[in-house]
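Below you'll find the structure, written out as structure tokens, and then a few comments.
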Amino acid sequence: MSADADELRKKLEEDNRKLNDLNHFKTHLLALTSHQMKAPLGIIRGYAALLRDGYYGEIDNRAREVMAKIEFAAEDLVNLVDNVIDLRKIEEGRIEYQMANIDFVKLARQAAEELGHLASSKGLNLEFQAPQKEIMIYGDEQKLQHVIKNLVDNAVKYTEKGFVKVNVEEKDGNVVLSVADSGIGISEGVQPFLFEEFVRDERVKGEIRGSGLGLHVAKMFVEAHNGKISVSSEGEGKGSAFSFSIPTI
Amino acid sequence: MREKPLVLIVDDEHELLEIMSVKLGASGFDPVVAYNAKEGVDAAAKLHPDLVLMDVRMPGGETGTDAALAIKQNPETKDIKIAFLSNLKDPWPATQGDRDRLAKGLGMEDYIDKTADLNVIVARVREMLAKK
């Protein structure tokens with residue numbers, strides 16, 4: 001190797017190391033500030049909810065809508081912060097999976113029930129369908145609840161009218177959960193990259209808040225269960241369907 | 001027998017105490033507040049609440065974890081139900097494991113995320129109080 005090439009290689013290695021350090025510093029800093037952000041965000045969200053529900057006196061419909069917007073924006077930020085913290089743990093290999101034999105139907109029902117109010121606050125009907133029996137898997141209950149809530153939350157966020165349907169079924173040795181909606185759909189070009197970090201559909205960036213991290217974290221959690229996650233949408237305005245599958249035991 | 005379940009909320013953030021008190025008060029509970037760990041332990045001994053919601057980290061020497069354990073170790077107050085209330089994802093970083101399980105391992109009822117939907121928090125409080 002010539003002296004020039006050797007010099008260049010060293011420089012590239014050095015640059016690479018610096019970039020890695022910078023990346024590590026970025027997530028470290030984000031995670032640190034994230035913790036500090038959660039307390040004030042909880043307060044914004046809490047007061048907005050109390051004002052909206054009339055605990056500080058009657059408010060008119062317009063003001064109620066605005067309060068709901070503040071509450072949802074704060075909720076989005078809380079989710080972003082949680083995702084950043086999770087992502088940092090994943091990057092550092094510190095995430096722990098508390099694996100146990102669990103009934104997937106029960107955990108999916110719980111997750112969907114917790115988000116029922118979110119759907120009804122937008123006038124949407126959240127349907128839940130599952131077999132009337134247990135479907136046992138080996139997994140981490142909290143991580144899987146996180147994934148389901150993320151998918152349902154997205155469906156509600158991107159759907160103005162119509163439905164959000166959560167369906168659980170057993171198929172070829174897997175349990176498959178799908179979340180389908182009648183929302184704005186996803187541009188075809190974005191679909192293959194949707195589970196990557198910070199990827200969002202350009203059409204909605206200015207209008208609908210989101211971090212572009214939720215699906216990335218969801219994918220990592222599903223893959224840690226030897227599962228697969230995917231998206232399908234006929235295109236813009238035609239709704240979307242996300243589904244993931246995990247082996248049953 | 002109390003007409004309404006008495007819920008003691010211990011937190012150093014005054015705004016959070018107000019939010020929780022207003023919501024719990026409107027949801028059929030009788031909320032009382034304490035502003036630090038020591039006050040929390042004293043209030044638990046004096047009032048014998050049906051449930052304590054305890055912040056994990058508070059300024060000053062004693063943490064919420066210390067206070068919760070002190071309540072559980074006192075024979076007079078050991079049967080009072082306690083849930084941690086925190087926005088920390090990693091409340092005990094030196095300890096391995098999931099925070100809900102760690103809380104239960106310490107003898108507590110639950111671990112509630114402060115930033116959760118208020119209706120979800122109320123539902124969890126109801127659930128804990130309904131348990132024998």
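Identifiers for the structure tokens are assigned positionally: chains receive A, B, ... in sequence, residues are indexed from 1 per chain, and ligands are indexed from 1 in the order shown.
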Neighbour list for region 142-153 of chain A as a ChimeraX atom specification, cut-off 8 Å, only C-alpha atoms, skip fewer than 6 positions in-chain
/A:97,107-108,111-112,115,118,164,166,179,214-215,218,221-222,242
Hey, can you spit out that residue selection with N, CA and C atoms as a PDB file, in the first residue's frame?
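Result written to part_36.pdb:
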ATOM      1  N   TYR A  97     -35.123  -8.423  28.475  1.00  0.00           N
ATOM      2  CA  TYR A  97     -36.411  -9.031  28.158  1.00  0.00           C
ATOM      3  C   TYR A  97     -36.788  -9.980  29.283  1.00  0.00           C
ATOM      4  N   LEU A 107     -53.108 -10.188  26.737  1.00  0.00           N
ATOM      5  CA  LEU A 107     -52.277  -8.982  26.729  1.00  0.00           C
ATOM      6  C   LEU A 107     -52.678  -8.028  25.599  1.00  0.00           C
ATOM      7  N   ALA A 108     -53.099  -8.593  24.471  1.00  0.00           N
ATOM      8  CA  ALA A 108     -53.532  -7.738  23.356  1.00  0.00           C
ATOM      9  C   ALA A 108     -54.824  -7.023  23.723  1.00  0.00           C
ATOM     10  N   ALA A 111     -54.054  -4.128  26.068  1.00  0.00           N
ATOM     11  CA  ALA A 111     -53.433  -2.998  25.364  1.00  0.00           C
ATOM     12  C   ALA A 111     -54.490  -2.227  24.571  1.00  0.00           C
ATOM     13  N   ALA A 112     -55.381  -2.964  23.895  1.00  0.00           N
ATOM     14  CA  ALA A 112     -56.410  -2.303  23.085  1.00  0.00           C
ATOM     15  C   ALA A 112     -57.381  -1.539  23.982  1.00  0.00           C
ATOM     16  N   LEU A 115     -56.327   1.881  25.068  1.00  0.00           N
ATOM     17  CA  LEU A 115     -56.343   2.945  24.061  1.00  0.00           C
ATOM     18  C   LEU A 115     -57.747   3.226  23.516  1.00  0.00           C
ATOM     19  N   LEU A 118     -58.776   6.814  23.532  1.00  0.00           N
ATOM     20  CA  LEU A 118     -58.096   7.648  22.536  1.00  0.00           C
ATOM     21  C   LEU A 118     -58.888   7.617  21.226  1.00  0.00           C
ATOM     22  N   VAL A 164     -60.819   1.580  13.320  1.00  0.00           N
ATOM     23  CA  VAL A 164     -59.519   0.983  13.633  1.00  0.00           C
ATOM     24  C   VAL A 164     -59.846  -0.418  14.143  1.00  0.00           C
ATOM     25  N   VAL A 166     -58.475  -4.169  15.470  1.00  0.00           N
ATOM     26  CA  VAL A 166     -57.364  -4.999  15.944  1.00  0.00           C
ATOM     27  C   VAL A 166     -57.833  -6.450  15.861  1.00  0.00           C
ATOM     28  N   VAL A 179     -53.395  -4.562  12.876  1.00  0.00           N
ATOM     29  CA  VAL A 179     -54.124  -3.330  13.168  1.00  0.00           C
ATOM     30  C   VAL A 179     -54.424  -2.681  11.829  1.00  0.00           C
ATOM     31  N   GLY A 214     -41.028   5.293  16.739  1.00  0.00           N
ATOM     32  CA  GLY A 214     -41.941   4.292  17.307  1.00  0.00           C
ATOM     33  C   GLY A 214     -41.895   2.961  16.589  1.00  0.00           C
ATOM     34  N   LEU A 215     -41.992   2.992  15.260  1.00  0.00           N
ATOM     35  CA  LEU A 215     -42.013   1.737  14.501  1.00  0.00           C
ATOM     36  C   LEU A 215     -40.652   1.049  14.522  1.00  0.00           C
ATOM     37  N   ALA A 218     -40.539  -0.703  17.733  1.00  0.00           N
ATOM     38  CA  ALA A 218     -41.486  -1.833  17.656  1.00  0.00           C
ATOM     39  C   ALA A 218     -40.852  -3.003  16.909  1.00  0.00           C
ATOM     40  N   PHE A 221     -38.329  -4.824  19.044  1.00  0.00           N
ATOM     41  CA  PHE A 221     -38.976  -5.645  20.072  1.00  0.00           C
ATOM     42  C   PHE A 221     -39.551  -6.931  19.458  1.00  0.00           C
ATOM     43  N   VAL A 222     -40.187  -6.784  18.289  1.00  0.00           N
ATOM     44  CA  VAL A 222     -40.795  -7.971  17.651  1.00  0.00           C
ATOM     45  C   VAL A 222     -39.701  -8.960  17.238  1.00  0.00           C
ATOM     46  N   PHE A 242     -51.013  -2.832   9.622  1.00  0.00           N
ATOM     47  CA  PHE A 242     -49.736  -3.287  10.168  1.00  0.00           C
ATOM     48  C   PHE A 242     -49.990  -4.624  10.830  1.00  0.00           C
TER      49      PHE A 242
END
Using only C-alpha atoms, find each residue of chain B with at least one atom at most 9 Å away from an atom of chain A; report its shortest atom-to-atom pair and that distance in Å (one decimal), sort the rows by chain and rising residue number, and return the result as a Markdown table.
| residue | atom | partner | partner_atom | distance |
| --- | --- | --- | --- | --- |
| B:Glu13 | CA | A:Ala39 | CA | 8.8 |
| B:Glu15 | CA | A:Ile43 | CA | 6.7 |
| B:Leu16 | CA | A:Ile43 | CA | 6.2 |
| B:Ile19 | CA | A:Gly46 | CA | 6.1 |
| B:Met20 | CA | A:Gly46 | CA | 8.3 |
| B:Val22 | CA | A:Tyr55 | CA | 7.5 |
| B:Lys23 | CA | A:Leu50 | CA | 7.3 |
| B:Ala26 | CA | A:Tyr55 | CA | 8.2 |
| B:Ser86 | CA | A:Ala39 | CA | 8.9 |
| B:Asn87 | CA | A:Lys38 | CA | 6.4 |
| B:Leu88 | CA | A:His35 | CA | 6.8 |
| B:Lys89 | CA | A:Asp82 | CA | 7.8 |
| B:Gln96 | CA | A:Glu96 | CA | 8.2 |
| B:Gly97 | CA | A:Glu96 | CA | 6.8 |
| B:Asp98 | CA | A:Gln98 | CA | 7.2 |
| B:Lys114 | CA | A:Gly42 | CA | 6.5 |
| B:Thr115 | CA | A:Gly42 | CA | 4.4 |
| B:Ala116 | CA | A:Gly42 | CA | 7.7 |
| B:Asp117 | CA | A:Gly46 | CA | 7.8 |
| B:Leu118 | CA | A:Gly46 | CA | 6.9 |
| B:Asn119 | CA | A:His117 | CA | 8.9 |
| B:Val120 | CA | A:Glu114 | CA | 7.1 |
Residues near Ala45 (chain B), cut-off 10 Å, only C-alpha atoms, skip fewer than 2 positions along chain, as a list in words
Glu39, Gly40, Val41, Asp42, Ala43, Leu47, His48, Pro49, Ile71, Asn74, Glu76, Thr77, Lys78 and Ile80 of chain B
Hey, can you spit out that residue selection with all heavy atoms as a short mmCIF file (atom, residue, chain, number, x, y, z; two decimals), in the first residue's frame?
data_model
loop_
_atom_site.label_atom_id
_atom_site.label_comp_id
_atom_site.auth_asym_id
_atom_site.auth_seq_id
_atom_site.Cartn_x
_atom_site.Cartn_y
_atom_site.Cartn_z
N GLU B 39 -42.45 13.33 55.55
CA GLU B 39 -43.87 13.70 55.75
C GLU B 39 -44.78 12.55 55.34
O GLU B 39 -45.82 12.32 55.96
CB GLU B 39 -44.23 14.92 54.89
CG GLU B 39 -43.95 16.25 55.54
CD GLU B 39 -44.43 17.40 54.64
OE1 GLU B 39 -45.44 17.25 53.95
OE2 GLU B 39 -43.75 18.43 54.65
N GLY B 40 -44.39 11.86 54.28
CA GLY B 40 -45.18 10.74 53.79
C GLY B 40 -45.28 9.62 54.82
O GLY B 40 -46.36 9.09 55.08
N VAL B 41 -44.13 9.28 55.42
CA VAL B 41 -44.11 8.21 56.43
C VAL B 41 -44.96 8.63 57.64
O VAL B 41 -45.77 7.84 58.16
CB VAL B 41 -42.65 7.90 56.88
CG1 VAL B 41 -42.63 6.87 58.00
CG2 VAL B 41 -41.85 7.39 55.68
N ASP B 42 -44.81 9.90 58.06
CA ASP B 42 -45.57 10.40 59.21
C ASP B 42 -47.08 10.38 58.92
O ASP B 42 -47.88 9.96 59.76
CB ASP B 42 -45.14 11.84 59.56
CG ASP B 42 -43.72 11.87 60.11
OD1 ASP B 42 -43.20 10.78 60.44
OD2 ASP B 42 -43.13 12.97 60.20
N ALA B 43 -47.43 10.85 57.70
CA ALA B 43 -48.85 10.92 57.35
C ALA B 43 -49.45 9.51 57.27
O ALA B 43 -50.59 9.30 57.67
CB ALA B 43 -49.03 11.65 56.02
N LEU B 47 -52.63 8.78 59.50
CA LEU B 47 -53.93 8.71 58.81
C LEU B 47 -54.36 7.30 58.41
O LEU B 47 -55.53 7.08 58.10
CB LEU B 47 -53.90 9.59 57.54
CG LEU B 47 -53.56 11.07 57.73
CD1 LEU B 47 -53.30 11.73 56.39
CD2 LEU B 47 -54.71 11.77 58.45
N HIS B 48 -53.43 6.39 58.36
CA HIS B 48 -53.72 5.03 57.88
C HIS B 48 -54.52 5.04 56.58
O HIS B 48 -55.65 4.56 56.54
CB HIS B 48 -54.46 4.21 58.95
CG HIS B 48 -53.51 3.67 59.97
ND1 HIS B 48 -52.96 2.42 59.89
CD2 HIS B 48 -52.99 4.24 61.06
CE1 HIS B 48 -52.13 2.24 60.89
NE2 HIS B 48 -52.13 3.33 61.63
N PRO B 49 -53.95 5.62 55.52
CA PRO B 49 -54.69 5.70 54.26
C PRO B 49 -54.94 4.30 53.67
O PRO B 49 -54.28 3.34 54.05
CB PRO B 49 -53.73 6.48 53.35
CG PRO B 49 -52.38 6.26 53.92
CD PRO B 49 -52.57 6.14 55.40
N ILE B 71 -42.63 2.33 55.67
CA ILE B 71 -44.05 2.11 55.96
C ILE B 71 -44.33 0.61 56.06
O ILE B 71 -45.04 0.14 56.95
CB ILE B 71 -44.95 2.77 54.87
CG1 ILE B 71 -44.80 4.29 54.94
CG2 ILE B 71 -46.41 2.36 55.04
CD1 ILE B 71 -45.45 5.04 53.77
N ASN B 74 -42.94 -0.96 59.41
CA ASN B 74 -43.59 -0.59 60.68
C ASN B 74 -44.81 -1.49 60.88
O ASN B 74 -45.72 -1.50 60.06
CB ASN B 74 -43.99 0.89 60.59
CG ASN B 74 -44.73 1.36 61.82
OD1 ASN B 74 -45.09 0.56 62.69
ND2 ASN B 74 -44.95 2.66 61.89
N GLU B 76 -47.35 -1.18 62.54
CA GLU B 76 -48.60 -0.42 62.56
C GLU B 76 -49.11 -0.08 61.15
O GLU B 76 -50.30 0.12 60.95
CB GLU B 76 -48.37 0.93 63.29
CG GLU B 76 -47.97 0.79 64.74
CD GLU B 76 -49.18 0.53 65.62
OE1 GLU B 76 -50.16 1.28 65.48
OE2 GLU B 76 -49.14 -0.43 66.42
N THR B 77 -48.18 0.04 60.22
CA THR B 77 -48.58 0.51 58.88
C THR B 77 -48.28 -0.50 57.77
O THR B 77 -48.50 -0.22 56.60
CB THR B 77 -47.84 1.84 58.54
OG1 THR B 77 -46.43 1.64 58.67
CG2 THR B 77 -48.30 2.98 59.42
N LYS B 78 -47.78 -1.68 58.15
CA LYS B 78 -47.28 -2.62 57.14
C LYS B 78 -48.35 -3.09 56.13
O LYS B 78 -48.02 -3.50 55.03
CB LYS B 78 -46.60 -3.82 57.80
CG LYS B 78 -47.54 -4.75 58.55
CD LYS B 78 -46.75 -5.94 59.07
CE LYS B 78 -47.52 -6.86 59.97
NZ LYS B 78 -48.85 -7.27 59.57
N ILE B 80 -50.69 -1.25 54.77
CA ILE B 80 -51.16 -0.19 53.86
C ILE B 80 -50.64 -0.48 52.45
O ILE B 80 -49.46 -0.79 52.26
CB ILE B 80 -50.66 1.21 54.33
CG1 ILE B 80 -51.27 1.54 55.70
CG2 ILE B 80 -51.01 2.28 53.30
CD1 ILE B 80 -50.75 2.84 56.31
#
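All residues within chain B that the backbone DSSP calculation assigns to strand (DSSP E or B) are Leu6, Val7, Leu8, Ile9, Val10, Asp30, Pro31, Val32, Val33, Ala34, Leu51, Val52, Leu53, Met54, Asp55, Lys81, Ile82, Ala83, Phe84, Leu85, Ser86, Asp110, Tyr111, Ile112 and Asp113 of chain B.
The interatomic distance for the pair CA of Ala68 (chain A) and CA of Val217 (chain A) works out to 26.3 Å.
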Hey, what does DSSP flag as alpha helix (DSSP H) within region 97-187 of chain A? Can you give it to me as JSON, numbers by chain?
{"A": [104, 105, 106, 107, 108, 109, 110, 111, 112, 113, 114, 116, 117, 118, 119, 120, 141, 142, 143, 144, 145, 146, 147, 148, 149, 150, 151, 152, 153, 154, 155, 156, 157]}
Can I get the selection written as a short mmCIF file (atom, residue, chain, number, x, y, z; two decimals), in the first residue's frame, with C-alpha atoms?
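Now in again-v4.cif:
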data_model
loop_
_atom_site.label_atom_id
_atom_site.label_comp_id
_atom_site.auth_asym_id
_atom_site.auth_seq_id
_atom_site.Cartn_x
_atom_site.Cartn_y
_atom_site.Cartn_z
CA PHE A 104 -51.16 -13.25 23.95
CA VAL A 105 -54.94 -12.77 23.62
CA LYS A 106 -55.19 -11.36 27.14
CA LEU A 107 -52.28 -8.98 26.73
CA ALA A 108 -53.53 -7.74 23.36
CA ARG A 109 -57.00 -7.14 24.79
CA GLN A 110 -55.53 -5.15 27.69
CA ALA A 111 -53.43 -3.00 25.36
CA ALA A 112 -56.41 -2.30 23.09
CA GLU A 113 -58.67 -1.47 26.04
CA GLU A 114 -56.20 1.06 27.35
CA GLY A 116 -60.12 2.73 23.63
CA HIS A 117 -60.59 6.24 25.03
CA LEU A 118 -58.10 7.65 22.54
CA ALA A 119 -60.13 6.27 19.64
CA SER A 120 -63.47 7.36 21.08
CA GLU A 141 -45.50 -8.82 28.21
CA GLN A 142 -44.53 -5.16 28.55
CA LYS A 143 -42.52 -4.98 25.34
CA LEU A 144 -45.33 -6.58 23.36
CA GLN A 145 -47.92 -4.29 24.91
CA HIS A 146 -45.68 -1.41 23.89
CA VAL A 147 -45.66 -2.66 20.28
CA ILE A 148 -49.44 -3.11 20.15
CA LYS A 149 -50.10 0.30 21.70
CA ASN A 150 -47.71 1.89 19.25
CA LEU A 151 -49.55 0.37 16.28
CA VAL A 152 -53.01 1.26 17.61
CA ASP A 153 -51.88 4.75 18.56
CA ASN A 154 -50.56 5.30 15.03
CA ALA A 155 -53.78 3.98 13.48
CA VAL A 156 -55.87 6.41 15.56
CA LYS A 157 -53.52 9.29 14.81
#
Selection near region 105-108 of chain B, 10 Å with only C-alpha atoms, sequence-local residues under 3 positions removed, as a PyMOL selection string
chain B and resi 52+65+68-69+72+78+80-84+99-102+111
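Across the structure, CA of Ala130 (chain A) and CA of Glu170 (chain A) are spaced 9.3 Å apart.
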Within 8 Å of Ser178 (chain A), counting only C-alpha atoms, which residues qualify if same-chain residues fewer than 5 places away don't, as a ChimeraX atom specification?
/A:165-168,241-244
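Residue nearest His225 (chain A), chosen from A:Leu51, A:Met136, A:Leu126, A:Met99 and counting only C-alpha atoms: A:Met99.
You will find CA of Leu6 (chain B) at 4.7 Å from CA of Asp30 (chain B).
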Write out as a count of residues only which residues come within 12 Å of region 19-27 of chain A when counting only C-alpha atoms, dropping same-chain ones fewer than 5 positions away.
17
